[in-house]
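Reviewing the structure listed below.
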Amino acid sequence: MPPAFRRAVEALRAARLRPEIEVDPTRPPQRLAPYAYAVEAAVVDGEEDLADGRLVLLHDPDGHEAWKGTFRLVTLVRAELEPEMAADPLLPEVCWSWLTGAMDARGLAYGEASGTVTMAGSHYFGGLAERRPATQIEIRASWTPREGLGGVPDTGAHLAAWCDLLCQIAGLPPVAVEPGEAGTVSGAGVVSLPQRRGPQQD
């Protein structure tokens, strides 16, 4: 394992996150880069997951033309929406701005950001007809964290910013922290989704 990748992984493991976030390592994809590490996370309220996702750290010591760097972060974030929120035509743009805004709020340097925001609706019939229609929002994105001292990006801070996004899409209020700490940055103009309703009964 290259020393730069090892230090980047250690920084992910050492990140201090909000108590509502549960993070565990998971199996990374095998063919996207010579080296990969992945975590999955969920915003938990009691026994209910308000939002969940996966963050993958990729590393190619020789560099990657599309990344414009040797590291790349890839993510998938999902949450269920209330019907009135799902009807907002600007919601995809707002959710994308939460991702870039979370990194900007922490002063993180990054480039080559790209991704999609998708909303999918479910309507229930037959034996499930009593369930209310449900809409899930999904953010798929990737970006290149700029490398710092020793050619290693501050992956712990990028993980904390990603968890800020998870908490925001889950509807949790932001938490003010001192600069350099690993909590969620709060600020004027920050808007979160309303907290989801409780789980539906069959």
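In the structure tokens, chains take the letters A, B, ... in the order shown, each chain's residues start at 1, and ligands count up from 1 in the order shown.
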
Spatial neighbours of Thr135 in chain A, 6 Å, only C-alpha atoms, chain gap at least 5 places, as a PyMOL selection string: chain A and resi 80-81+120-121

Those of range 10-151 of chain A in DSSP strand (DSSP E), formatted as JSON, numbers by chain: {"A": [21, 22, 23, 24, 25, 26, 35, 36, 37, 38, 39, 40, 41, 42, 43, 44, 45, 48, 49, 50, 51, 52, 53, 54, 55, 56, 57, 58, 59, 60, 61, 62, 63, 64, 69, 70, 71, 72, 73, 74, 75, 76, 77, 78, 79, 80, 81, 110, 111, 112, 113, 114, 115, 116, 117, 118, 119, 120, 121, 122, 134, 135, 136, 137, 138, 139, 140, 141, 142, 143, 144, 145]}

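With only C-alpha atoms as the atoms that count, the minimum distance from Asp24 in chain A to the choices A:Pro3, A:Gly53, A:Pro92, A:Gly101 is reached by A:Gly53.
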
Residue nearest Glu82 in chain A - candidates A:Val152, A:Asp49, A:Gln136, A:Tyr124, atoms counted: only C-alpha atoms: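 With only C-alpha atoms as the atom set, the closest residue is A:Gln136.
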
Spatial neighbours of Val43 in chain A, 8 Å, only C-alpha atoms, chain gap at least 5 places, as a ChimeraX atom specification: /A:20-22,49-52,166-167,170

Same residues, C-alpha atoms, saved as a PDB file, in the first residue's frame:
ATOM      1  CA  GLU A  20     -26.145  10.813  14.844  1.00  0.00           C
ATOM      2  CA  ILE A  21     -23.796   9.386  12.209  1.00  0.00           C
ATOM      3  CA  GLU A  22     -22.948   5.678  12.191  1.00  0.00           C
ATOM      4  CA  ASP A  49     -32.307   5.634   9.207  1.00  0.00           C
ATOM      5  CA  LEU A  50     -33.077   9.157   8.016  1.00  0.00           C
ATOM      6  CA  ALA A  51     -30.448   9.052   5.250  1.00  0.00           C
ATOM      7  CA  ASP A  52     -27.678   6.719   4.203  1.00  0.00           C
ATOM      8  CA  LEU A 166     -25.983  13.435   4.966  1.00  0.00           C
ATOM      9  CA  CYS A 167     -27.291  15.305   8.002  1.00  0.00           C
ATOM     10  CA  ALA A 170     -31.866  13.913   6.567  1.00  0.00           C
TER      11      ALA A 170
END

Nearest-residue call for Pro19 in chain A, choices A:Val44, A:Ala79, A:Leu99, A:Leu55, using only C-alpha atoms: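 Answer, going by the shortest atom-to-atom distance: A:Val44.
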
Per-residue DSSP, chain A, filtered to helix (DSSP H, G or I), as number ranges by chain: A: 3-14, 83-86, 91-105, 126-128, 149-151, 155-170

Within 10 Å of range 26-33 of chain A using only C-alpha atoms, minus same-chain residues under 5 positions, as a VMD selection string: chain A and resid 38 to 41 54 to 61 64 70 to 72
